[in-house]
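Coordinates as given in model_3.cif (mmCIF, C-alpha atoms and all ligand atoms):
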```
data_target
loop_
_atom_site.label_atom_id
_atom_site.label_comp_id
_atom_site.auth_asym_id
_atom_site.auth_seq_id
_atom_site.Cartn_x
_atom_site.Cartn_y
_atom_site.Cartn_z
CA MET A 1 71.38 -109.74 -8.57
CA LYS A 2 69.69 -107.01 -6.48
CA LYS A 3 73.00 -105.16 -6.12
CA LYS A 4 73.55 -105.20 -9.88
CA ILE A 5 70.10 -103.70 -10.51
CA LEU A 6 70.81 -100.98 -7.98
CA THR A 7 74.15 -100.21 -9.66
CA TRP A 8 72.44 -99.93 -13.02
CA LEU A 9 69.74 -97.77 -11.51
CA GLY A 10 72.47 -95.51 -10.13
CA VAL A 11 74.14 -95.30 -13.54
CA ILE A 12 70.83 -94.47 -15.24
CA ILE A 13 70.01 -91.75 -12.70
CA LEU A 14 73.50 -90.30 -13.06
CA LEU A 15 73.26 -90.30 -16.86
CA THR A 16 69.81 -88.69 -16.71
CA LEU A 17 71.05 -85.98 -14.35
CA THR A 18 74.07 -85.32 -16.56
CA GLY A 19 71.74 -85.14 -19.56
CA VAL A 20 69.46 -82.67 -17.80
CA ALA A 21 72.47 -80.57 -16.74
CA ILE A 22 73.85 -80.48 -20.30
CA ALA A 23 70.42 -79.68 -21.79
CA THR A 24 69.88 -76.96 -19.16
CA GLY A 25 73.20 -75.41 -20.08
CA MET A 26 72.50 -75.60 -23.80
CA ARG A 27 69.06 -74.08 -23.41
CA GLN A 28 70.25 -70.95 -21.54
CA HIS A 29 70.70 -69.00 -24.77
CA ILE A 30 67.66 -70.36 -26.52
CA THR A 31 66.05 -67.72 -28.72
CA TYR A 32 62.46 -67.33 -29.83
CA SER A 33 60.86 -65.69 -32.80
CA ALA A 34 57.69 -63.59 -32.74
CA PRO A 35 56.13 -61.05 -35.08
CA LEU A 36 57.44 -57.48 -34.99
CA PRO A 37 54.31 -55.38 -34.35
CA ASP A 38 53.77 -52.44 -36.70
CA ILE A 39 53.85 -49.98 -33.77
CA HIS A 40 55.68 -46.67 -34.05
CA ALA A 41 56.07 -43.80 -31.60
CA VAL A 42 54.79 -40.36 -32.67
CA LYS A 43 55.54 -36.80 -31.54
CA ASP A 44 51.91 -35.65 -31.05
CA SER A 45 51.65 -34.07 -27.58
CA ALA A 46 48.16 -35.46 -26.87
CA VAL A 47 49.39 -39.00 -27.60
CA ILE A 48 52.46 -38.45 -25.39
CA ALA A 49 50.19 -37.20 -22.58
CA ARG A 50 48.03 -40.33 -22.85
CA GLY A 51 51.20 -42.45 -22.73
CA ARG A 52 52.44 -40.59 -19.65
CA HIS A 53 49.13 -41.23 -17.91
CA ILE A 54 49.24 -44.97 -18.68
CA VAL A 55 52.91 -45.38 -17.71
CA LEU A 56 52.68 -43.47 -14.41
CA GLY A 57 49.02 -44.31 -13.65
CA PRO A 58 47.00 -47.43 -14.49
CA GLY A 59 49.87 -49.19 -16.33
CA HIS A 60 52.08 -48.68 -13.23
CA CYS A 61 55.30 -49.13 -15.26
CA ALA A 62 57.07 -46.71 -12.88
CA ASP A 63 56.25 -48.95 -9.92
CA CYS A 64 58.80 -51.48 -11.25
CA HIS A 65 60.95 -49.45 -13.64
CA SER A 66 62.08 -46.89 -11.10
CA ASN A 67 64.27 -47.31 -8.09
CA VAL A 68 64.41 -43.73 -6.83
CA PRO A 69 63.71 -43.02 -3.14
CA GLY A 70 60.37 -41.30 -2.58
CA LYS A 71 58.96 -42.73 -5.83
CA ASP A 72 55.51 -43.23 -4.29
CA SER A 73 55.30 -39.61 -3.12
CA LEU A 74 56.28 -38.38 -6.59
CA LEU A 75 53.65 -40.62 -8.16
CA LYS A 76 50.94 -39.53 -5.73
CA ALA A 77 51.78 -35.87 -6.29
CA GLY A 78 51.25 -36.31 -10.04
CA LEU A 79 54.92 -35.65 -10.82
CA ASP A 80 57.27 -37.44 -13.20
CA VAL A 81 59.37 -40.34 -11.97
CA PRO A 82 62.73 -41.26 -13.56
CA LEU A 83 62.16 -44.54 -15.42
CA THR A 84 65.80 -45.51 -14.99
CA GLY A 85 65.16 -49.11 -13.86
CA GLY A 86 67.37 -51.10 -11.53
CA TYR A 87 64.67 -52.30 -9.14
CA LEU A 88 65.69 -55.75 -7.90
CA PHE A 89 63.37 -58.74 -7.69
CA ASP A 90 65.26 -61.09 -5.36
CA LEU A 91 63.38 -64.34 -5.97
CA PRO A 92 63.95 -68.00 -5.01
CA PHE A 93 65.17 -68.67 -8.56
CA GLY A 94 67.48 -65.71 -9.03
CA LYS A 95 68.00 -61.97 -9.02
CA PHE A 96 66.21 -59.98 -11.71
CA TYR A 97 66.45 -56.28 -12.45
CA THR A 98 64.02 -53.97 -14.20
CA LYS A 99 65.45 -52.19 -17.22
CA ASN A 100 66.24 -48.53 -17.90
CA LEU A 101 63.33 -47.30 -20.06
CA THR A 102 64.82 -43.90 -20.90
CA PRO A 103 66.13 -43.48 -24.48
CA ASP A 104 69.83 -43.70 -23.48
CA LYS A 105 71.63 -45.45 -26.38
CA GLU A 106 74.01 -47.53 -24.27
CA THR A 107 72.07 -48.44 -21.13
CA GLY A 108 68.43 -47.73 -22.02
CA ILE A 109 66.02 -48.35 -24.89
CA GLY A 110 67.79 -45.92 -27.27
CA SER A 111 69.34 -48.64 -29.42
CA LYS A 112 66.10 -50.61 -29.82
CA SER A 113 63.45 -49.93 -32.45
CA ASP A 114 59.78 -49.24 -31.65
CA PRO A 115 58.61 -52.59 -33.12
CA GLU A 116 61.29 -54.37 -31.04
CA LEU A 117 60.00 -52.72 -27.85
CA ALA A 118 56.41 -53.44 -28.85
CA ARG A 119 57.37 -57.09 -29.32
CA VAL A 120 58.77 -57.18 -25.76
CA ILE A 121 55.42 -56.07 -24.39
CA ARG A 122 53.16 -58.00 -26.73
CA TYR A 123 55.05 -61.25 -27.29
CA GLY A 124 57.59 -61.43 -24.44
CA VAL A 125 60.58 -61.67 -26.78
CA HIS A 126 63.62 -59.37 -26.37
CA ALA A 127 65.34 -57.67 -29.31
CA ASP A 128 68.03 -60.41 -29.24
CA GLY A 129 65.37 -63.18 -29.32
CA GLN A 130 65.69 -64.13 -25.64
CA MET A 131 62.56 -64.61 -23.52
CA VAL A 132 61.34 -61.64 -21.45
CA LEU A 133 60.65 -62.75 -17.90
CA PRO A 134 56.89 -62.90 -17.31
CA PHE A 135 56.56 -59.80 -15.13
CA MET A 136 54.51 -57.75 -17.57
CA PRO A 137 51.08 -59.03 -18.59
CA PHE A 138 50.28 -56.23 -21.07
CA GLN A 139 50.01 -58.51 -24.12
CA HIS A 140 46.53 -57.26 -25.02
CA MET A 141 47.20 -53.54 -24.75
CA ALA A 142 45.43 -51.81 -27.65
CA ASP A 143 47.63 -50.63 -30.55
CA GLU A 144 46.75 -47.01 -29.85
CA ASP A 145 47.77 -47.29 -26.17
CA LEU A 146 51.00 -49.09 -27.01
CA VAL A 147 51.83 -46.29 -29.46
CA ALA A 148 51.09 -43.79 -26.67
CA VAL A 149 53.31 -45.63 -24.16
CA LEU A 150 56.26 -45.81 -26.57
CA SER A 151 55.76 -42.19 -27.64
CA TYR A 152 56.04 -41.14 -23.99
CA LEU A 153 59.16 -43.26 -23.39
CA ARG A 154 60.80 -41.80 -26.52
CA SER A 155 60.02 -38.27 -25.27
CA LEU A 156 62.00 -38.76 -22.04
CA LYS A 157 65.43 -37.34 -21.36
CA PRO A 158 68.04 -40.11 -21.85
CA VAL A 159 69.62 -41.10 -18.53
CA HIS A 160 72.79 -43.18 -18.41
CA ASN A 161 72.14 -45.94 -15.87
CA ARG A 162 73.67 -49.35 -16.41
CA ILE A 163 71.54 -52.17 -15.07
CA PRO A 164 73.23 -55.32 -13.70
CA GLU A 165 72.66 -58.55 -15.65
CA ASN A 166 70.00 -60.92 -14.34
CA GLU A 167 71.41 -63.81 -12.30
CA TYR A 168 69.69 -67.18 -12.49
CA ASN A 169 70.50 -69.81 -9.87
CA LEU A 170 70.29 -73.53 -10.70
CA MET A 171 66.53 -73.66 -10.20
CA GLY A 172 66.15 -70.51 -12.29
CA LYS A 173 68.26 -72.01 -15.07
CA MET A 174 66.07 -75.14 -15.09
CA LEU A 175 62.93 -72.98 -15.16
CA LYS A 176 64.37 -70.94 -18.02
CA ALA A 177 65.36 -74.07 -19.93
CA PHE A 178 62.21 -76.15 -19.51
CA VAL A 179 59.29 -74.28 -17.97
CA LEU A 180 59.15 -70.59 -18.83
CA LYS A 181 58.23 -69.61 -22.37
CA PRO A 182 57.47 -66.22 -23.90
CA VAL A 183 53.82 -65.36 -23.34
CA GLY A 184 51.97 -63.91 -26.31
CA PRO A 185 48.41 -62.70 -26.79
CA THR A 186 45.51 -65.18 -26.61
CA GLU A 187 42.78 -62.84 -27.86
CA LYS A 188 42.48 -60.42 -30.74
CA ILE A 189 44.11 -57.11 -29.83
CA PRO A 190 41.94 -54.04 -30.37
CA ALA A 191 43.30 -51.20 -32.51
CA SER A 192 41.86 -48.74 -29.99
CA VAL A 193 39.59 -48.72 -26.96
CA LYS A 194 37.06 -46.11 -25.93
CA ALA A 195 38.07 -44.62 -22.58
CA ASP A 196 34.75 -44.15 -20.76
CA THR A 197 33.01 -45.53 -17.65
CA SER A 198 31.70 -48.64 -19.43
CA VAL A 199 32.03 -52.21 -18.22
CA ALA A 200 34.06 -52.94 -21.38
CA TYR A 201 36.63 -50.28 -20.50
CA GLY A 202 36.62 -51.46 -16.88
CA ARG A 203 37.40 -54.98 -18.06
CA TYR A 204 40.23 -53.66 -20.25
CA LEU A 205 41.75 -51.75 -17.33
CA SER A 206 41.33 -54.64 -14.85
CA MET A 207 42.58 -57.40 -17.14
CA VAL A 208 45.10 -55.69 -19.42
CA VAL A 209 46.45 -52.36 -18.17
CA ALA A 210 46.19 -52.31 -14.37
CA ASN A 211 46.50 -56.11 -13.99
CA CYS A 212 44.06 -56.38 -11.07
CA TYR A 213 43.33 -59.90 -12.34
CA GLU A 214 46.98 -60.96 -12.07
CA CYS A 215 47.14 -60.38 -8.32
CA HIS A 216 43.52 -60.82 -7.28
CA THR A 217 43.27 -64.38 -8.64
CA GLN A 218 44.80 -67.39 -6.90
CA ARG A 219 47.76 -69.05 -8.65
CA ASP A 220 49.99 -72.09 -8.17
CA GLY A 221 53.75 -72.02 -7.45
CA VAL A 222 54.75 -71.39 -11.08
CA GLY A 223 52.12 -68.76 -11.73
CA ASN A 224 49.28 -70.68 -13.37
CA PHE A 225 45.85 -69.31 -12.47
CA ILE A 226 43.93 -71.80 -10.36
CA GLY A 227 41.29 -69.70 -8.59
CA GLU A 228 38.09 -68.03 -9.78
CA PRO A 229 38.91 -64.75 -11.54
CA MET A 230 39.19 -61.83 -9.08
CA ALA A 231 38.08 -63.95 -6.11
CA GLY A 232 41.41 -63.21 -4.39
CA GLY A 233 43.61 -65.66 -2.51
CA LEU A 234 47.08 -64.91 -3.90
CA VAL A 235 49.62 -64.94 -1.07
CA PHE A 236 52.46 -62.41 -0.82
CA GLU A 237 55.22 -63.12 1.67
CA THR A 238 57.78 -60.53 2.67
CA PRO A 239 60.54 -61.64 5.08
CA GLY A 240 59.99 -60.08 8.50
CA LYS A 241 56.58 -58.66 7.55
CA SER A 242 53.03 -59.93 7.85
CA THR A 243 51.86 -62.20 5.03
CA LEU A 244 49.34 -60.50 2.75
CA VAL A 245 46.58 -62.24 0.84
CA THR A 246 44.78 -60.45 -1.98
CA PRO A 247 41.13 -59.93 -1.08
CA ASN A 248 38.09 -61.06 -3.06
CA LEU A 249 36.87 -58.35 -5.48
CA THR A 250 33.79 -60.18 -6.82
CA PRO A 251 30.33 -58.96 -5.70
CA ASP A 252 29.89 -61.84 -3.21
CA SER A 253 28.71 -60.99 0.31
CA SER A 254 32.11 -62.19 1.63
CA SER A 255 34.00 -59.89 -0.72
CA ARG A 256 36.19 -57.05 0.57
CA ILE A 257 34.34 -54.51 -1.52
CA PHE A 258 30.83 -55.81 -0.77
CA GLY A 259 28.65 -52.85 0.16
CA TRP A 260 31.25 -50.29 -0.98
CA SER A 261 29.60 -47.44 -2.87
CA ARG A 262 31.30 -46.12 -5.99
CA GLN A 263 32.41 -43.10 -3.94
CA MET A 264 33.96 -45.32 -1.26
CA PHE A 265 35.79 -47.31 -3.93
CA ILE A 266 37.20 -44.17 -5.54
CA GLY A 267 38.01 -42.74 -2.10
CA ARG A 268 40.04 -45.85 -1.20
CA PHE A 269 42.19 -45.36 -4.30
CA ARG A 270 42.75 -41.69 -3.51
CA MET A 271 44.26 -42.70 -0.12
CA GLY A 272 47.10 -44.69 -1.68
CA LYS A 273 49.01 -47.34 0.24
CA LEU A 274 47.86 -48.03 3.80
CA ILE A 275 49.94 -51.18 4.38
CA GLU A 276 53.55 -50.18 3.76
CA HIS A 277 54.75 -53.52 2.35
CA SER A 278 51.70 -54.12 0.14
CA HIS A 279 52.62 -55.17 -3.39
CA MET A 280 49.68 -53.34 -4.89
CA PRO A 281 50.88 -50.27 -6.85
CA TRP A 282 48.55 -47.96 -4.92
CA ALA A 283 50.53 -44.76 -5.62
CA ALA A 284 50.35 -45.24 -9.39
CA PHE A 285 46.69 -46.24 -9.17
CA SER A 286 45.88 -43.09 -7.18
CA ARG A 287 46.49 -41.24 -10.49
CA MET A 288 43.57 -42.99 -12.16
CA SER A 289 40.69 -40.66 -12.95
CA ASP A 290 37.23 -40.94 -11.37
CA ASP A 291 36.00 -42.24 -14.72
CA GLU A 292 38.64 -44.96 -14.87
CA LEU A 293 37.90 -46.09 -11.31
CA THR A 294 34.17 -45.98 -12.05
CA ALA A 295 34.72 -48.23 -15.08
CA ILE A 296 36.63 -50.73 -12.91
CA TYR A 297 33.94 -50.55 -10.21
CA ASN A 298 31.24 -51.17 -12.83
CA TYR A 299 33.17 -54.11 -14.29
CA LEU A 300 33.80 -55.76 -10.90
CA HIS A 301 30.05 -55.64 -10.22
CA THR A 302 29.32 -57.71 -13.35
CA LEU A 303 31.50 -60.62 -12.13
CA LYS A 304 30.04 -63.86 -10.80
CA PRO A 305 29.75 -63.57 -7.00
CA THR A 306 32.29 -66.08 -5.70
CA LYS A 307 33.73 -67.03 -2.32
CA MET A 308 37.43 -66.56 -1.82
CA PRO A 309 39.36 -69.85 -2.29
CA LYS A 310 40.98 -71.54 0.69
CA VAL A 311 44.48 -70.25 1.23
CA GLU A 312 47.37 -72.23 2.70
CA GLN A 313 49.71 -70.01 4.65
C1 LIG A 401 55.83 -55.96 -12.09
C2 LIG A 401 56.99 -55.24 -12.57
C3 LIG A 401 56.97 -54.59 -13.93
C4 LIG A 401 56.03 -53.72 -14.43
C5 LIG A 401 54.73 -53.26 -13.78
C6 LIG A 401 56.50 -53.32 -15.72
N1 LIG A 401 57.70 -53.92 -16.00
FE1 LIG A 401 58.78 -53.75 -17.74
N2 LIG A 401 60.13 -55.09 -17.04
C7 LIG A 401 60.11 -55.67 -15.80
C8 LIG A 401 61.24 -56.57 -15.68
C9 LIG A 401 61.61 -57.41 -14.46
C10 LIG A 401 61.94 -56.50 -16.90
C11 LIG A 401 63.19 -57.28 -17.28
C12 LIG A 401 62.75 -58.57 -17.92
C13 LIG A 401 63.88 -59.45 -18.34
O1 LIG A 401 65.01 -59.22 -17.91
O2 LIG A 401 63.62 -60.39 -19.13
C14 LIG A 401 61.21 -55.56 -17.73
C15 LIG A 401 61.58 -55.22 -19.03
C16 LIG A 401 60.94 -54.28 -19.82
C17 LIG A 401 61.34 -53.89 -21.16
C18 LIG A 401 62.53 -54.42 -21.91
C19 LIG A 401 63.60 -53.38 -21.95
C20 LIG A 401 64.88 -53.84 -22.56
O3 LIG A 401 65.74 -52.98 -22.77
O4 LIG A 401 65.05 -55.04 -22.79
C21 LIG A 401 60.45 -52.95 -21.59
C22 LIG A 401 60.44 -52.22 -22.94
C23 LIG A 401 59.50 -52.75 -20.53
N3 LIG A 401 59.82 -53.56 -19.46
C24 LIG A 401 58.46 -51.84 -20.58
C25 LIG A 401 57.47 -51.72 -19.60
C26 LIG A 401 56.31 -50.86 -19.72
C27 LIG A 401 56.03 -49.95 -20.90
C28 LIG A 401 55.56 -51.04 -18.60
C29 LIG A 401 54.21 -50.45 -18.26
C30 LIG A 401 53.17 -50.54 -19.29
C31 LIG A 401 56.27 -52.01 -17.77
N4 LIG A 401 57.42 -52.39 -18.40
C32 LIG A 401 55.82 -52.43 -16.53
C33 LIG A 401 59.18 -55.46 -14.80
C34 LIG A 401 58.03 -54.69 -14.93
C1 LIG A 402 50.82 -56.42 -7.69
C2 LIG A 402 49.64 -57.00 -7.10
C3 LIG A 402 48.33 -56.25 -7.10
C4 LIG A 402 47.71 -55.60 -8.15
C5 LIG A 402 48.22 -55.41 -9.57
C6 LIG A 402 46.45 -55.15 -7.65
N1 LIG A 402 46.31 -55.47 -6.33
FE1 LIG A 402 44.76 -54.95 -5.12
N2 LIG A 402 45.73 -55.74 -3.51
C7 LIG A 402 46.93 -56.41 -3.56
C8 LIG A 402 47.31 -56.80 -2.20
C9 LIG A 402 48.56 -57.59 -1.83
C10 LIG A 402 46.29 -56.34 -1.34
C11 LIG A 402 46.23 -56.48 0.19
C12 LIG A 402 47.10 -55.42 0.84
C13 LIG A 402 46.52 -54.03 0.71
O1 LIG A 402 45.38 -53.80 1.11
O2 LIG A 402 47.25 -53.16 0.16
C14 LIG A 402 45.32 -55.67 -2.19
C15 LIG A 402 44.17 -55.04 -1.73
C16 LIG A 402 43.18 -54.49 -2.53
C17 LIG A 402 41.94 -53.89 -2.03
C18 LIG A 402 41.50 -53.78 -0.57
C19 LIG A 402 42.01 -52.50 0.03
C20 LIG A 402 41.55 -52.26 1.45
O3 LIG A 402 42.00 -51.25 2.02
O4 LIG A 402 40.77 -53.05 1.99
C21 LIG A 402 41.23 -53.47 -3.14
C22 LIG A 402 39.87 -52.79 -3.15
C23 LIG A 402 42.04 -53.79 -4.29
N3 LIG A 402 43.21 -54.40 -3.89
C24 LIG A 402 41.64 -53.53 -5.61
C25 LIG A 402 42.49 -53.67 -6.72
C26 LIG A 402 42.14 -53.24 -8.05
C27 LIG A 402 40.79 -52.68 -8.47
C28 LIG A 402 43.24 -53.46 -8.83
C29 LIG A 402 43.45 -53.08 -10.28
C30 LIG A 402 43.16 -51.69 -10.59
C31 LIG A 402 44.25 -54.08 -7.99
N4 LIG A 402 43.76 -54.18 -6.72
C32 LIG A 402 45.52 -54.47 -8.43
C33 LIG A 402 47.69 -56.67 -4.70
C34 LIG A 402 47.43 -56.15 -5.97
#
```
Give the structure from the file, written as structure tokens.
Amino acid sequence: MKKKILTWLGVIILLTLTGVAIATGMRQHITYSAPLPDIHAVKDSAVIARGRHIVLGPGHCADCHSNVPGKDSLLKAGLDVPLTGGYLFDLPFGKFYTKNLTPDKETGIGSKSDPELARVIRYGVHADGQMVLPFMPFQHMADEDLVAVLSYLRSLKPVHNRIPENEYNLMGKMLKAFVLKPVGPTEKIPASVKADTSVAYGRYLSMVVANCYECHTQRDGVGNFIGEPMAGGLVFETPGKSTLVTPNLTPDSSSRIFGWSRQMFIGRFRMGKLIEHSHMPWAAFSRMSDDELTAIYNYLHTLKPTKMPKVEQ
């Protein structure tokens, strides 16, 4: 009797696994729909300049979308960086490449419309309906800034650079089929924001454009936020290098920035990267203006003082 039950159990497990495998396969090309934002690039030079500042500065797009040697030095020197993509994220669930953001028709964004690109950033859905991997939390970027970003990208010289296809391993395929979904906005998106030193602008930079929140808040294995906002505790492991943990940025007495004056805070950003393998886009952030850094400083000081969560390493 016992043996029979075990046999049946084996058959059921086998059938379930086969079912999961078939469903995983079928769900690899699953497409999603999302609104096409009414966002269109313009040729106004002031708008293009704002876009350039966001892309190479606080928005740190170049940190991921460029793979040229010496990229950090170019960024720190205030120069342009080729946004030709090809940077590899070699992760436990596959190999993923950043895309060529120059307007090349064949290998870049040249064949995609402005609303299609805006939908990538705002709703996480590619032009062909496939999910955009959740690397870019810019969903709540104001309309005006998104227009500026696209206007800058459209103004670039097209560079032919073919990017390899992403490669999902089995775990990646399962994640794609059953766990990951396009991430859209959860709050109303402003038409424009006032760029000043206010707490409101500091919140916008920290939460939306510079993504301080994304790294300085603890998360679980699949990326869900589990810690107090900005209290640190996210672990970054690099093979062969020391493990880094994002520090607490709330005004608690145990925080990394406790006691830092505004000048010290700005001064730290002017220095750029001090730990070579740090994941923080220091070079891009060093291009932020004193006003932008002051706004972030002001915002961080309105947060609830919180201790850093316990970190398992
Ligand atoms: C943390 C890394 C990272 C940052 C920062 C980043 N990107 Fe991306 N981006 C990616 C990756 C990875 C992909 C490919 C996603 C995929 O294959 O689904 C991508 C894809 C895109 C695409 C889709 C292009 C296409 O042809 O399908 C656009 C557009 C884009 N990024 C724009 C931006 C802009 C604009 C910024 C800055 C505001 C930015 N990205 C910042 C990692 C990043
Ligand atoms: C991609 C992840 C990432 C993002 C985005 C990020 N940080 Fe960090 N941050 C780190 C890591 C990792 C460290 C620890 C290593 C280091 O000091 O570079 C760190 C360290 C720091 C430090 C301590 C530096 C020191 O020398 O003691 C400050 C201050 C800081 N971050 C502020 C910010 C602010 C403000 C933002 C947004 C403007 C931000 N970070 C965005 C990952 C990130």
(message) Please determine, counting all atoms listed in the file, which residue among A:Ala231, A:Met207, A:Ile30, A:Val149 has the shortest atom-to-atom distance to Val132 (chain A).
(response)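 Checking each candidate against Val132 (chain A), we get A:Ile30 as the closest.
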(request) Within 10 Å of Ala127 (chain A), counting all atoms listed in the file, which residues show up once you throw out same-chain ones fewer than 4 positions away? Write them as JSON, numbers by chain, please. (result) {"A": [33, 36, 111, 112, 113, 115, 116, 117, 118, 119, 120, 131, 132]}
(request) Considering all atoms listed in the file, return as an MDAnalysis selection string whatever protein or nucleic-acid residues lie within 12 Å of Gly267 (chain A), sequence-local ones (same chain, fewer than 3 positions apart) excluded. (result) chainID A and resid 260:264 270:272 285:286 288:290 293:294 297
(request) Would you mind reading off the distance between atom C26 of ligand LIG 402 (chain A) and CA of His301 (chain A), one decimal, in Å? (result)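 Separation of atom C26 of ligand LIG 402 (chain A) and CA of His301 (chain A): 12.5 Å.
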Each residue of chain A with at least one atom at most 7 Å from ligand LIG 402 (chain A) should appear once, together with its nearest atom pair and the corresponding distance in Å (one decimal); atoms considered: all atoms listed in the file; ordering: chain, then increasing residue number; output as JSON lines.
```
{"residue": "A:Pro58", "atom": "CA", "partner": "A:LIG402", "partner_atom": "C30", "distance": 6.9}
{"residue": "A:Leu205", "atom": "CA", "partner": "A:LIG402", "partner_atom": "C30", "distance": 6.9}
{"residue": "A:Ser206", "atom": "CA", "partner": "A:LIG402", "partner_atom": "C29", "distance": 5.3}
{"residue": "A:Ala210", "atom": "CA", "partner": "A:LIG402", "partner_atom": "C30", "distance": 4.9}
{"residue": "A:Asn211", "atom": "CA", "partner": "A:LIG402", "partner_atom": "C5", "distance": 4.8}
{"residue": "A:Cys212", "atom": "CA", "partner": "A:LIG402", "partner_atom": "C29", "distance": 3.4}
{"residue": "A:Glu214", "atom": "CA", "partner": "A:LIG402", "partner_atom": "C5", "distance": 6.2}
{"residue": "A:Cys215", "atom": "CA", "partner": "A:LIG402", "partner_atom": "C2", "distance": 4.4}
{"residue": "A:His216", "atom": "CA", "partner": "A:LIG402", "partner_atom": "N1", "distance": 6.1}
{"residue": "A:Phe236", "atom": "CA", "partner": "A:LIG402", "partner_atom": "C9", "distance": 6.3}
{"residue": "A:Leu244", "atom": "CA", "partner": "A:LIG402", "partner_atom": "C9", "distance": 5.5}
{"residue": "A:Val245", "atom": "CA", "partner": "A:LIG402", "partner_atom": "C9", "distance": 5.7}
{"residue": "A:Thr246", "atom": "CA", "partner": "A:LIG402", "partner_atom": "C10", "distance": 4.4}
{"residue": "A:Pro247", "atom": "CA", "partner": "A:LIG402", "partner_atom": "C15", "distance": 5.8}
{"residue": "A:Leu249", "atom": "CA", "partner": "A:LIG402", "partner_atom": "C22", "distance": 6.7}
{"residue": "A:Arg256", "atom": "CA", "partner": "A:LIG402", "partner_atom": "O4", "distance": 6.2}
{"residue": "A:Ile257", "atom": "CA", "partner": "A:LIG402", "partner_atom": "C22", "distance": 6.0}
{"residue": "A:Phe265", "atom": "CA", "partner": "A:LIG402", "partner_atom": "C22", "distance": 6.9}
{"residue": "A:Arg268", "atom": "CA", "partner": "A:LIG402", "partner_atom": "O3", "distance": 6.6}
{"residue": "A:Lys273", "atom": "CA", "partner": "A:LIG402", "partner_atom": "O2", "distance": 6.1}
{"residue": "A:Leu274", "atom": "CA", "partner": "A:LIG402", "partner_atom": "O2", "distance": 6.3}
{"residue": "A:Ile275", "atom": "CA", "partner": "A:LIG402", "partner_atom": "O2", "distance": 5.4}
{"residue": "A:Ser278", "atom": "CA", "partner": "A:LIG402", "partner_atom": "O2", "distance": 4.6}
{"residue": "A:His279", "atom": "CA", "partner": "A:LIG402", "partner_atom": "C1", "distance": 4.8}
{"residue": "A:Met280", "atom": "CA", "partner": "A:LIG402", "partner_atom": "C34", "distance": 3.8}
{"residue": "A:Pro281", "atom": "CA", "partner": "A:LIG402", "partner_atom": "C1", "distance": 6.2}
{"residue": "A:Phe285", "atom": "CA", "partner": "A:LIG402", "partner_atom": "C30", "distance": 6.6}
{"residue": "A:Ile296", "atom": "CA", "partner": "A:LIG402", "partner_atom": "C27", "distance": 6.4}
```
(message) Rounded to one decimal, what separation in Å do you get between CA of Pro82 (chain A) and CA of Pro182 (chain A)?
(response) 27.5 Å
Kindly provide the residues of chain A that approach ligand LIG 401 (chain A) to within 7 Å, each paired with its closest atom pair and their distance in Å to one decimal, based on only C-alpha atoms and all ligand atoms, listed by chain and increasing number, as a tab-separated table.
```
residue	atom	partner	partner_atom	distance
A:Ile54	CA	A:LIG401	C30	6.8
A:Val55	CA	A:LIG401	C29	5.3
A:Gly59	CA	A:LIG401	C30	4.6
A:His60	CA	A:LIG401	C5	5.3
A:Cys61	CA	A:LIG401	C29	3.5
A:Ala62	CA	A:LIG401	C32	6.9
A:Asp63	CA	A:LIG401	C5	6.0
A:Cys64	CA	A:LIG401	C2	4.4
A:His65	CA	A:LIG401	N1	6.0
A:Phe96	CA	A:LIG401	C9	5.9
A:Tyr97	CA	A:LIG401	C9	5.4
A:Thr98	CA	A:LIG401	C8	4.1
A:Lys99	CA	A:LIG401	C19	5.2
A:Asn100	CA	A:LIG401	O3	6.6
A:Leu101	CA	A:LIG401	C19	6.4
A:Gly108	CA	A:LIG401	O3	5.9
A:Ile109	CA	A:LIG401	O3	5.1
A:Leu117	CA	A:LIG401	C22	5.0
A:Val120	CA	A:LIG401	C22	5.9
A:Ile121	CA	A:LIG401	C24	6.5
A:His126	CA	A:LIG401	O4	5.8
A:Met131	CA	A:LIG401	O2	6.2
A:Val132	CA	A:LIG401	O2	3.5
A:Leu133	CA	A:LIG401	O2	4.0
A:Phe135	CA	A:LIG401	C1	5.0
A:Met136	CA	A:LIG401	C6	5.2
A:Phe138	CA	A:LIG401	C30	6.6
A:Val149	CA	A:LIG401	C27	6.1
A:Asn166	CA	A:LIG401	O1	6.4
```
Selection above as a file: C-alpha atoms, as a CSV table (one decimal), in the frame of the given file:
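Final file, part.csv:
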```csv
chain,number,residue,atom,x,y,z
A,54,ILE,CA,49.2,-45.0,-18.7
A,55,VAL,CA,52.9,-45.4,-17.7
A,59,GLY,CA,49.9,-49.2,-16.3
A,60,HIS,CA,52.1,-48.7,-13.2
A,61,CYS,CA,55.3,-49.1,-15.3
A,62,ALA,CA,57.1,-46.7,-12.9
A,63,ASP,CA,56.2,-49.0,-9.9
A,64,CYS,CA,58.8,-51.5,-11.2
A,65,HIS,CA,61.0,-49.4,-13.6
A,96,PHE,CA,66.2,-60.0,-11.7
A,97,TYR,CA,66.4,-56.3,-12.4
A,98,THR,CA,64.0,-54.0,-14.2
A,99,LYS,CA,65.4,-52.2,-17.2
A,100,ASN,CA,66.2,-48.5,-17.9
A,101,LEU,CA,63.3,-47.3,-20.1
A,108,GLY,CA,68.4,-47.7,-22.0
A,109,ILE,CA,66.0,-48.4,-24.9
A,117,LEU,CA,60.0,-52.7,-27.8
A,120,VAL,CA,58.8,-57.2,-25.8
A,121,ILE,CA,55.4,-56.1,-24.4
A,126,HIS,CA,63.6,-59.4,-26.4
A,131,MET,CA,62.6,-64.6,-23.5
A,132,VAL,CA,61.3,-61.6,-21.4
A,133,LEU,CA,60.6,-62.8,-17.9
A,135,PHE,CA,56.6,-59.8,-15.1
A,136,MET,CA,54.5,-57.8,-17.6
A,138,PHE,CA,50.3,-56.2,-21.1
A,149,VAL,CA,53.3,-45.6,-24.2
A,166,ASN,CA,70.0,-60.9,-14.3
```
